[in-house]
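Visitor: Take a look at this one; I'll ask things after.
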Amino acid sequence: MPEIETAKPEGKVVRFGWVSGVMIRCMLNIWGVILFLRLPWITAQAGILLTWLIILLAVLVTTITGLSISAISTNGKVKAGGTYFLISRSLGPELGGSIGLIFSFANAVAVAMHTVGFAETVRDLLIEFDALMTDEVNDIRIIGVITIIVLLGISLAGMEWESKAQVVFFIIIIISFINYFVGTLIPASQEKQSKGFFNYQSEIFFGSLYPNWRGSEGSFFSMFSIYFPSATGILAGANISGDLKDPATAIPKGTLLAIFCTALSYIFMSASIGACVLDDASGNVNDTLEKNDISWGLAGSFGWNFTACIDNNDCHFGLNNYYQSISMVSAFSPLITAGIFSATLSSALACLVSAPKVFQCLCNDNIYPLIGFFGKGYGKNNEPFRAYILAFIIALAFILIGDLNTIAPIISNFFLASYALINFSCFHASITNSPGWRPSFHYYNKWASLFGAIVSIAIMFMLMWWAALIAVGIIVFLLAYVNYKKPSVNWGSSIQAASYNMALSQLISLDSTEDHIKNFRPQCLVLTGIPSSRPELVAFVATFTKKQSLMICGHVLMGEDDTRDYSQWINQQQVHSFYSEVTTKDLRTGAKMLMEASGLGKLQPNTLVIGFKQNWTLDTPGNLEAYVGVLYDALDLNFGLCILRMRDGLDRSYLTEDLGNGLSDSEICNKKKKKKKKKESVQGTRSMASNPATDVFLGKQHNKTIDIYWLFDDGGLTLLIPYLLARKKCWRNCKVRVFIGGHGDISANEGDAIGSLLQKFRLGFTDIHILPDYNQPPQPQNAKYFEDLISEFQLGDATQTADFADESWNHLPWKISDKDLESHRAKIMRQVRLNEIMRELSADAALIVMSLPLPRRGACPSSLYMALLDTLSRDLRPPVLLMRGNQENVITFYCQ
């Protein structure tokens with residue numbers, strides 16, 4: 001029975017519902033500095049109709065994004081991290097990580113924007129009372145710095161205090177709205193009329209319907225870029241997802257309702273201010289006419305003459321000139337000032353909380369280096385105090401700019417990039433048809449999400465194309481970095497689902513296509529056993545198959561179950577290979593199972609690669625038979641054959657390990673586990689690229705040679721694999737030499753004919769050599785070496801009768817009779833002689849590739865055949881690759 005935790009928590013964790021946690025927070029963030037300080041000016045510039053178009057275009061983007069984020073947030077449990085968490089768990093760490101950094105930065109800059117809006121209002125009050133501290137710009141900076149310090153203190157006090165402050169701000173803003181609309185109904189005083197306010201007038205309304213562009217910022221997209229940051233508040237609730245009671249319910253309900261309510265408020269306020277206030281006014285109560293005269297312009301119809309300030313371009317009031325027009329119209333201006341303070345401070349506070357929360361989740365995922373320091377949380381709510389300080393420093397730097405119209409467009413592109421990725425996440429998750437995509441929120445449409453993503457990107461470039469390029473460049477750079485580093489995270493993203501769909505579709509399409517010789521690729525099944533125990537064998541095959549053909553590391557388990565995942569080591573070494581294992585009673589059966597069952601469709605291995613059985617003289621006869629039997633089984637199954645031999649062995653050959661003549665699998669793993677460091681997650685974590693044992697294949701080969709001993713035509717596999725190897729970067733400087741030979745002498749004309757054939761194959765092999773006559777007798781000491789090698793496998797003199805030899809073949813097939821030696825003597829001497837030639841001609845080669853001799857099945861005892869291979873490849877410093885195709889052509893000189 002598990003132990004029950006009895007310790008009491010240090011404090012009660014604060015959790016919020018959909019109203020206080022999402023709706024109010026989103027509405028406060030949307031009702032920011034733009035509503036009170038820039039909406040009247042945008043209305044004057046763009047006109048009421050285009051202002052509505054700007055609002056509706058922003059609402060279209062935010063509504064689609066709201067629907068998308070509602071779908072994503074209801075597809076499973078949502079934790080802390082907000083927008084970053086939702087995107088990263090949907091699209092994966094590549095796009096999620098990049099947008100997490102950008103979104104955190106954008107929120108930090110948004111803190112500066114709202115703080116500067118607050119500072120502008122305070123500055124205007126100081127001007128009104130003639131109490132400027134220095135000048136207009138520096139006063140904004142001073143007030144902004146003091147304000148953000150106070151906001152940081154509230155944030156550090158904890159989410160509970162921040163939430164209480166938000167409720168107070170919300171109540172104040174509602175009161176300021178009521179105060180404003182009441183003010184539009186109260187008859188305007190002469191002072192307000194001098195500032196352009198005449199209550200609701202149809203003439204003013206119709207005159208304000210159309211745009212009146214002025215200045216360098218006078219364009220539709222300039223106005224949109226300044227307005228759009230107000231729409232970024234829709235993610236304020238999602239960004240504190242870790243502090244919500246039920247994020248799956250709160251985020252959709254609160255976000256969509258906030259978008260609807262705030263959109264109505266912006267539309268009504270732009271229409272009302274455009275119907276009440278002129279674009280230009282002097283503010284001079286003496287600029288009146290004796291009677292209304294329309295010839296003095298729209299103001300003349302109300303008895304005022306503002307033509308002087310209009311002509312001189314020095315009007316200080318009106319929608320185009322006075323950012324505090326809403327305060328001027330209201331019934332009691334201090335309430336509007338309080339509303340501006342509440343809107344700006346609440347938005348700044350929400351962004352100051354959102355940025356660290358998102359950044360903390362990103363830091364804790366360890367996707368990028370050097371940022372983990374900021375992910376540490378403190379207190380009962382795991383507050384990211386360090387991330388708060390970082391966001392404070394970023395916001396402080398932008399506050400020093402001191403101009404709201406400069407800061408606002410900067411963050412528009414970053415938020416639009418976030419919206420584009422949110423919508424694309426929803427679209428991508430939908431089209432992959434992954435069984436894991438089951439959002440409980442059904443009121444979304446994948447095509448609408450795609451449209452939202454496209455519109456967001458289009459608006460980015462229309463607003464500020466160079467800033468959009470910077471934002472896209474940053475995303476691409478961060479994406480490329482994460483894709484290169486490949487962090488060890490698996491969140492079941494839609495990218496994985498799409499990869500599966502694409503691979504399945506391509507595999508089915510490939511399976512319906514008939515094979516063609518021009519498309520042949522050596523798809524290798526490598527009998528490695530535990531892959532980390534034979535890194536050289538893995539490295540060699542990976543060198544020429546990487547990004548080009550299939551590689552499968554096969555492991556035959558002898559009668560024991562092993563639940564460890566050795567594919568982790570393969571992935572860690574960045575080897576492009578699969579791992580497959582079977583459990584059988586013997587090696588031959590297991591190898592045959594792998595050859596028959598590995599792969600899928602056209603992606604099936606056609607070449608078997610094994611290591612040379614270094615200790616064959618010490619092994620049991622049954623295992624010797626099994627090893628040779630694997631070679632014949634491969635040819636029976638139409639496999640090509642490759643046997644790799646290293647002078648010092650391949651660490652431990654797979655047969656030694658499988659038969660137990662050494663350490664067992666469990667003993668090997670246990671030893672490695674004891675040696676590995678705590679930070680290492682997989683046994684044998686040393687990279688193959690930095691392992692001296694594999695440098696012979698992965699290291700750069702400087703002006704060496706690849707020597708091919710092409711002794712007979714096997715279909716071309718013996719030529720194709722060296723060609724593929726020579727194309728790789730580290731082998732590119734190697735010169736390929738082809739040595740040809742046959743039965744008896746080969747004339748120069750025959751050598752030229754073979755050279756011409758190789759030229760037609762377009763392999764680039766031009767260095768052709770005719771071997772010395774290897775039919776001549778070898779040196780006596782080498783011949784004696786062979787005789788000593790097979791001595792213990794020979795039948796005794798008393799057992800050399802024909803009857804006994806036949807019987808011994810049935811029961812002792814590995815035994816060698818005099819008859820066997822006599823029938824194979826010519827071949828044996830030829831292999832001994834070939835070894836002498838290779839030691840002479842290829843002593844300094846990087847690799848020796850040689851046609852693999854393979855006697856007819858049943859005609860040669862296994863021990864005699866192994867002795868033949870041993871003698872052929874012994875005492876050669878370079879790695880030796882013995883190869884044999886299955887007699888099917890793999891290269892051609894025809895174009896069809």
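Simple scheme: letters A, B, ... for chains in structure tokens order, numbers from 1 for residues in each chain, numbers from 1 for ligands in the order shown.
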Identify, with DSSP run on backbone atoms, the residues in region 36-86 of chain A assigned to alpha helix (DSSP H), and express the list as number ranges by chain.

Guide: A: 36-37, 39-73, 82-86

Visitor: As a PyMOL selection string, please: the residues near region 148-158 of chain A (cut-off 8 Å, only C-alpha atoms, same-chain neighbours under 3 positions excluded).

Guide: chain A and resi 115+144-145+161-162+345+348-349+352-353+381+383+385+388+392+396

Visitor: Smallest atom-to-atom distance to Arg89 (chain A): which of A:Val880, A:Ile172, A:Ile837, A:Ala429, using only C-alpha atoms?

Guide: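 Of all the options, A:Ala429 lies closest to Arg89 (chain A).
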
Visitor: Do you know which residues are at most 12 Å from region 779-796 of chain A counting only C-alpha atoms, after dropping those on the same chain fewer than 2 positions away, and could you put them as JSON, numbers by chain?

Guide: {"A": [616, 617, 618, 620, 621, 624, 774, 776, 777, 798, 799, 800, 801, 802, 804, 805, 806, 807, 808, 809, 812, 813, 814, 815, 816, 817, 818, 819, 820, 821, 825, 826, 828, 829, 830, 831, 832, 833, 834, 835, 836, 837, 861, 862, 863, 864, 865, 866, 867, 868, 869, 870, 871, 872, 874, 875]}

Visitor: Residues at most 10 Å from region 108-111 of chain A, counting only C-alpha atoms, excluding those fewer than 2 positions away in the same chain, as a ChimeraX atom specification?

Guide: /A:102-106,113-117,148,151,229-230,232-233,344-356,388,390-399,407-408,410-412,415

Visitor: I want to know what sits within 10 Å of Leu725 (chain A), based on only C-alpha atoms, with residues of the same chain fewer than 2 positions away left out; could you give that as a list in words?

Guide: Phe540, Val541, Ala542, Thr543, Phe544, Thr545, Phe697, Ile706, Leu720, Ile721, Pro722, Tyr723, Arg727, Lys728, Lys729, Cys730, Trp731, Arg732 and Cys734 of chain A

Visitor: Looking at A:Ile234, A:Leu86, A:Ile171, A:Ile267, which one is nearest to Leu35 (chain A), with distances taken over only C-alpha atoms?

Guide: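 Result for the nearest residue to Leu35 (chain A): A:Ile267.
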
Visitor: With distances taken over only C-alpha atoms, which of A:Thr63, A:Lys485, A:Ser512, A:Ser325 is nearest to Gln572 (chain A)?

Guide: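 Comparing A:Thr63, A:Lys485, A:Ser512, A:Ser325 against Gln572 (chain A), the winner is A:Lys485.
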
Visitor: Can you tell me how far CA of Trp466 (chain A) sits from CA of Ile140 (chain A), in Å to one decimal?

Guide: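 So the two atoms, CA of Trp466 (chain A) and CA of Ile140 (chain A), lie 27.9 Å apart.
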
Visitor: Please determine, counting only C-alpha atoms, which residue among A:Lys195, A:Arg214, A:Lys291, A:Lys613 has the shortest atom-to-atom distance to Phe306 (chain A).

Guide: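 Of the candidates, the smallest distance to Phe306 (chain A) is held by A:Lys195.
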
Visitor: Quick one: residues within 8 Å of Met464 (chain A), only C-alpha atoms, excluding same-chain residues fewer than 3 positions away - as a list in words?

Guide: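 Here the qualifying residues turn out to be Pro409, Asn413, Met460, Phe461, Ala467 and Ala468 of chain A.
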
Visitor: Keeping N, CA, C and O atoms for every residue in the selection just given, could you write it to a file as a compact mmCIF listing (two decimals), in the first residue's frame?

Guide:
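Contents of out01.txt, as written:
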```txt
# COMPACT_ATOMS: atom_id res chain seq x y z
N PRO A 409 3.63 49.96 -33.56
CA PRO A 409 3.84 49.11 -34.74
C PRO A 409 4.90 48.03 -34.55
O PRO A 409 4.87 47.00 -35.23
N ASN A 413 3.72 43.20 -35.43
CA ASN A 413 4.20 42.07 -36.22
C ASN A 413 4.44 40.84 -35.38
O ASN A 413 4.18 39.71 -35.82
N MET A 460 0.93 41.36 -41.69
CA MET A 460 2.28 41.63 -41.21
C MET A 460 3.10 42.38 -42.27
O MET A 460 3.75 43.40 -41.97
N PHE A 461 3.06 41.90 -43.50
CA PHE A 461 3.87 42.51 -44.55
C PHE A 461 3.27 43.83 -45.03
O PHE A 461 3.99 44.71 -45.48
N ALA A 467 9.83 44.93 -40.90
CA ALA A 467 9.66 44.33 -39.57
C ALA A 467 9.13 42.91 -39.68
O ALA A 467 9.50 42.03 -38.90
N ALA A 468 8.27 42.68 -40.69
CA ALA A 468 7.75 41.32 -40.92
C ALA A 468 8.88 40.38 -41.33
O ALA A 468 8.94 39.23 -40.87
```
